[in-house]
Amino acid sequence: CVACHTVNAADPLKGPFLGNVAKIFPRRELAEAILDPNKSIAQGFATHQFTLKNGAGLVGFVTREGADTITIRDIAGQQQEIRVSEIARRGTLPMSLMPPGLLTSFNVRDFASLLDYLQSLADAAK
């Protein structure tokens, strides 16, 4: 999870912040979001795909959009500014950057422990 998410509010964002996610979502919804990440994509975390005029492709979350530049953040937390004049094509992907099937090696106890951990983060933030 830490490859794409942060749990400490002081850390730079990558994907959705998990430090308080258990305060926002009931356990059942949180479990569903982990098991089926494409079912509902958190606001601000739609996956945008850009093809530049030089043929390069970029994928990430739009964090700032101005008349001349767009800033995106990739899943590793790296920010990149794109000049609007360099964009050949832009689209929004219908899927999350979080791939489905991440928990295929987890058993029920492991999954319950993950949910307990996320709850403990929210409880510690009280």
# chains A, B, ... in the order shown; residues from 1 in each chain; ligands from 1
>>> residues_around(residues="Pro94 (chain A)", least_positions_apart="6", cutoff="12 Å", atoms="only C-alpha atoms", output="ChimeraX atom specification")
/A:37-41,45-49
>>> write_last_selection(atoms="N, CA, C and O atoms", output="mmCIF file, in the first residue's frame")
data_model
loop_
_atom_site.group_PDB
_atom_site.id
_atom_site.type_symbol
_atom_site.label_atom_id
_atom_site.label_comp_id
_atom_site.auth_asym_id
_atom_site.auth_seq_id
_atom_site.Cartn_x
_atom_site.Cartn_y
_atom_site.Cartn_z
ATOM 1 N N PRO A 37 -11.276 -1.679 -6.867
ATOM 2 C CA PRO A 37 -10.906 -0.265 -6.925
ATOM 3 C C PRO A 37 -11.551 0.519 -8.066
ATOM 4 O O PRO A 37 -11.569 1.748 -8.032
ATOM 5 N N ASN A 38 -12.085 -0.163 -9.054
ATOM 6 C CA ASN A 38 -12.717 0.533 -10.171
ATOM 7 C C ASN A 38 -14.202 0.819 -9.939
ATOM 8 O O ASN A 38 -14.826 1.515 -10.728
ATOM 9 N N LYS A 39 -14.749 0.292 -8.859
ATOM 10 C CA LYS A 39 -16.182 0.474 -8.589
ATOM 11 C C LYS A 39 -16.509 1.946 -8.345
ATOM 12 O O LYS A 39 -17.505 2.455 -8.845
ATOM 13 N N SER A 40 -15.673 2.624 -7.594
ATOM 14 C CA SER A 40 -15.890 4.032 -7.292
ATOM 15 C C SER A 40 -14.521 4.687 -7.102
ATOM 16 O O SER A 40 -13.755 4.263 -6.249
ATOM 17 N N ILE A 41 -14.239 5.690 -7.891
ATOM 18 C CA ILE A 41 -12.942 6.362 -7.828
ATOM 19 C C ILE A 41 -13.102 7.639 -7.015
ATOM 20 O O ILE A 41 -13.995 8.449 -7.280
ATOM 21 N N PHE A 45 -9.105 11.826 -7.872
ATOM 22 C CA PHE A 45 -8.171 10.763 -8.219
ATOM 23 C C PHE A 45 -8.555 10.038 -9.508
ATOM 24 O O PHE A 45 -8.155 8.899 -9.736
ATOM 25 N N ALA A 46 -9.320 10.705 -10.354
ATOM 26 C CA ALA A 46 -9.569 10.153 -11.683
ATOM 27 C C ALA A 46 -8.234 10.109 -12.419
ATOM 28 O O ALA A 46 -7.392 10.995 -12.264
ATOM 29 N N THR A 47 -8.036 9.083 -13.194
ATOM 30 C CA THR A 47 -6.787 8.907 -13.922
ATOM 31 C C THR A 47 -6.862 9.622 -15.262
ATOM 32 O O THR A 47 -7.710 9.306 -16.091
ATOM 33 N N HIS A 48 -5.997 10.602 -15.433
ATOM 34 C CA HIS A 48 -5.945 11.362 -16.684
ATOM 35 C C HIS A 48 -4.757 10.874 -17.509
ATOM 36 O O HIS A 48 -3.693 10.594 -16.971
ATOM 37 N N GLN A 49 -4.979 10.780 -18.793
ATOM 38 C CA GLN A 49 -3.931 10.340 -19.722
ATOM 39 C C GLN A 49 -3.697 11.454 -20.733
ATOM 40 O O GLN A 49 -4.643 11.978 -21.322
#
>>> residues_around(residues="Arg27 (chain A)", least_positions_apart="2", cutoff="10 Å", atoms="only C-alpha atoms", output="number ranges by chain")
A: 21-25, 29-33, 112, 115-116, 118-119
>>> select_by_dssp(residues="chain A", states="strand (DSSP E)", output="PyMOL selection string")
chain A and resi 47-52+57-65+69-73+79-83+87-93
>>> residues_around(residues="region 84-86 of chain A", least_positions_apart="5", cutoff="6 Å", atoms="only C-alpha atoms", output="VMD selection string")
chain A and resid 52 to 53 68 to 69
>>> residues_around(residues="Pro12 (chain A)", least_positions_apart="3", cutoff="8 Å", atoms="only C-alpha atoms", output="PyMOL selection string")
chain A and resi 6+9+77
>>> select_by_dssp(residues="region 4-45 of chain A", states="helix (DSSP H, G or I)", output="PyMOL selection string")
chain A and resi 21-24+27-35
>>> write_last_selection(atoms="N, CA, C and O atoms", output="PDB file, in the first residue's frame")
ATOM      1  N   VAL A  21      -8.984   7.349   6.279  1.00  0.00           N
ATOM      2  CA  VAL A  21      -9.969   6.757   5.364  1.00  0.00           C
ATOM      3  C   VAL A  21     -11.059   5.975   6.108  1.00  0.00           C
ATOM      4  O   VAL A  21     -12.207   5.954   5.678  1.00  0.00           O
ATOM      5  N   ALA A  22     -10.715   5.399   7.255  1.00  0.00           N
ATOM      6  CA  ALA A  22     -11.715   4.642   8.011  1.00  0.00           C
ATOM      7  C   ALA A  22     -12.713   5.554   8.706  1.00  0.00           C
ATOM      8  O   ALA A  22     -13.769   5.093   9.149  1.00  0.00           O
ATOM      9  N   LYS A  23     -12.405   6.863   8.799  1.00  0.00           N
ATOM     10  CA  LYS A  23     -13.384   7.821   9.319  1.00  0.00           C
ATOM     11  C   LYS A  23     -14.396   8.196   8.235  1.00  0.00           C
ATOM     12  O   LYS A  23     -15.513   8.578   8.528  1.00  0.00           O
ATOM     13  N   ILE A  24     -13.964   8.104   6.997  1.00  0.00           N
ATOM     14  CA  ILE A  24     -14.782   8.526   5.865  1.00  0.00           C
ATOM     15  C   ILE A  24     -15.680   7.395   5.375  1.00  0.00           C
ATOM     16  O   ILE A  24     -16.837   7.620   5.030  1.00  0.00           O
ATOM     17  N   ARG A  27     -16.466   0.275   7.282  1.00  0.00           N
ATOM     18  CA  ARG A  27     -15.587  -0.877   7.019  1.00  0.00           C
ATOM     19  C   ARG A  27     -15.996  -1.636   5.752  1.00  0.00           C
ATOM     20  O   ARG A  27     -15.156  -2.009   4.957  1.00  0.00           O
ATOM     21  N   ARG A  28     -17.285  -1.859   5.575  1.00  0.00           N
ATOM     22  CA  ARG A  28     -17.752  -2.614   4.404  1.00  0.00           C
ATOM     23  C   ARG A  28     -17.394  -1.889   3.107  1.00  0.00           C
ATOM     24  O   ARG A  28     -16.907  -2.496   2.155  1.00  0.00           O
ATOM     25  N   GLU A  29     -17.651  -0.572   3.053  1.00  0.00           N
ATOM     26  CA  GLU A  29     -17.333   0.203   1.851  1.00  0.00           C
ATOM     27  C   GLU A  29     -15.832   0.253   1.611  1.00  0.00           C
ATOM     28  O   GLU A  29     -15.374   0.208   0.469  1.00  0.00           O
ATOM     29  N   LEU A  30     -15.064   0.352   2.676  1.00  0.00           N
ATOM     30  CA  LEU A  30     -13.612   0.358   2.561  1.00  0.00           C
ATOM     31  C   LEU A  30     -13.125  -0.976   1.984  1.00  0.00           C
ATOM     32  O   LEU A  30     -12.295  -1.003   1.075  1.00  0.00           O
ATOM     33  N   ALA A  31     -13.671  -2.055   2.485  1.00  0.00           N
ATOM     34  CA  ALA A  31     -13.308  -3.384   1.968  1.00  0.00           C
ATOM     35  C   ALA A  31     -13.656  -3.495   0.485  1.00  0.00           C
ATOM     36  O   ALA A  31     -12.844  -3.989  -0.312  1.00  0.00           O
ATOM     37  N   GLU A  32     -14.830  -3.019   0.106  1.00  0.00           N
ATOM     38  CA  GLU A  32     -15.238  -3.070  -1.305  1.00  0.00           C
ATOM     39  C   GLU A  32     -14.310  -2.229  -2.180  1.00  0.00           C
ATOM     40  O   GLU A  32     -13.956  -2.640  -3.288  1.00  0.00           O
ATOM     41  N   ALA A  33     -13.918  -1.059  -1.684  1.00  0.00           N
ATOM     42  CA  ALA A  33     -13.027  -0.184  -2.459  1.00  0.00           C
ATOM     43  C   ALA A  33     -11.663  -0.825  -2.676  1.00  0.00           C
ATOM     44  O   ALA A  33     -11.037  -0.642  -3.720  1.00  0.00           O
ATOM     45  N   ILE A  34     -11.207  -1.583  -1.704  1.00  0.00           N
ATOM     46  CA  ILE A  34      -9.911  -2.265  -1.838  1.00  0.00           C
ATOM     47  C   ILE A  34     -10.043  -3.449  -2.796  1.00  0.00           C
ATOM     48  O   ILE A  34      -9.180  -3.656  -3.657  1.00  0.00           O
ATOM     49  N   LEU A  35     -11.108  -4.203  -2.656  1.00  0.00           N
ATOM     50  CA  LEU A  35     -11.296  -5.386  -3.489  1.00  0.00           C
ATOM     51  C   LEU A  35     -11.657  -5.045  -4.932  1.00  0.00           C
ATOM     52  O   LEU A  35     -11.275  -5.749  -5.859  1.00  0.00           O
TER      53      LEU A  35
END
>>> atom_distance(atom1="CA of Ile72 (chain A)", atom2="CA of Ile87 (chain A)")
12.9 Å
>>> closest_residue(among="A:Ala3, A:Ala67, A:Ala122, A:Leu103", to="Leu18 (chain A)", atoms="only C-alpha atoms")
A:Ala122
>>> residues_around(residues="Gln43 (chain A)", least_positions_apart="4", cutoff="12 Å", atoms="only C-alpha atoms", output="PyMOL selection string")
chain A and resi 15-17+47+61-63+96
>>> write_last_selection(atoms="N, CA, C and O atoms", output="PDB file, in the first residue's frame")
ATOM      1  N   GLY A  15      -1.306   8.550  -3.986  1.00  0.00           N
ATOM      2  CA  GLY A  15      -2.719   8.299  -4.257  1.00  0.00           C
ATOM      3  C   GLY A  15      -3.525   8.799  -3.073  1.00  0.00           C
ATOM      4  O   GLY A  15      -3.022   9.564  -2.249  1.00  0.00           O
ATOM      5  N   PRO A  16      -4.766   8.348  -2.932  1.00  0.00           N
ATOM      6  CA  PRO A  16      -5.586   8.806  -1.817  1.00  0.00           C
ATOM      7  C   PRO A  16      -4.916   8.563  -0.458  1.00  0.00           C
ATOM      8  O   PRO A  16      -4.292   7.521  -0.227  1.00  0.00           O
ATOM      9  N   PHE A  17      -5.044   9.550   0.434  1.00  0.00           N
ATOM     10  CA  PHE A  17      -4.497   9.501   1.788  1.00  0.00           C
ATOM     11  C   PHE A  17      -5.279   8.480   2.612  1.00  0.00           C
ATOM     12  O   PHE A  17      -6.509   8.492   2.623  1.00  0.00           O
ATOM     13  N   THR A  47      -8.036   9.083 -13.194  1.00  0.00           N
ATOM     14  CA  THR A  47      -6.787   8.907 -13.922  1.00  0.00           C
ATOM     15  C   THR A  47      -6.862   9.622 -15.262  1.00  0.00           C
ATOM     16  O   THR A  47      -7.710   9.306 -16.091  1.00  0.00           O
ATOM     17  N   PHE A  61      -2.881  12.124 -11.794  1.00  0.00           N
ATOM     18  CA  PHE A  61      -3.993  12.900 -11.246  1.00  0.00           C
ATOM     19  C   PHE A  61      -3.726  14.370 -11.518  1.00  0.00           C
ATOM     20  O   PHE A  61      -2.628  14.857 -11.267  1.00  0.00           O
ATOM     21  N   VAL A  62      -4.706  15.084 -11.995  1.00  0.00           N
ATOM     22  CA  VAL A  62      -4.555  16.528 -12.204  1.00  0.00           C
ATOM     23  C   VAL A  62      -4.650  17.202 -10.838  1.00  0.00           C
ATOM     24  O   VAL A  62      -5.638  17.050 -10.119  1.00  0.00           O
ATOM     25  N   THR A  63      -3.589  17.930 -10.472  1.00  0.00           N
ATOM     26  CA  THR A  63      -3.580  18.620  -9.186  1.00  0.00           C
ATOM     27  C   THR A  63      -3.769  20.123  -9.330  1.00  0.00           C
ATOM     28  O   THR A  63      -4.141  20.798  -8.384  1.00  0.00           O
ATOM     29  N   SER A  96      -9.244   3.006 -12.131  1.00  0.00           N
ATOM     30  CA  SER A  96      -8.360   3.518 -11.102  1.00  0.00           C
ATOM     31  C   SER A  96      -6.922   3.121 -11.421  1.00  0.00           C
ATOM     32  O   SER A  96      -6.679   2.113 -12.083  1.00  0.00           O
TER      33      SER A  96
END
>>> closest_residue(among="A:Ser120, A:Asn107, A:Thr71, A:Thr51", to="Ala88 (chain A)", atoms="only C-alpha atoms")
A:Thr51
>>> closest_residue(among="A:Thr92, A:Gly66, A:Ala125, A:Glu81", to="Gly44 (chain A)", atoms="only C-alpha atoms")
A:Thr92
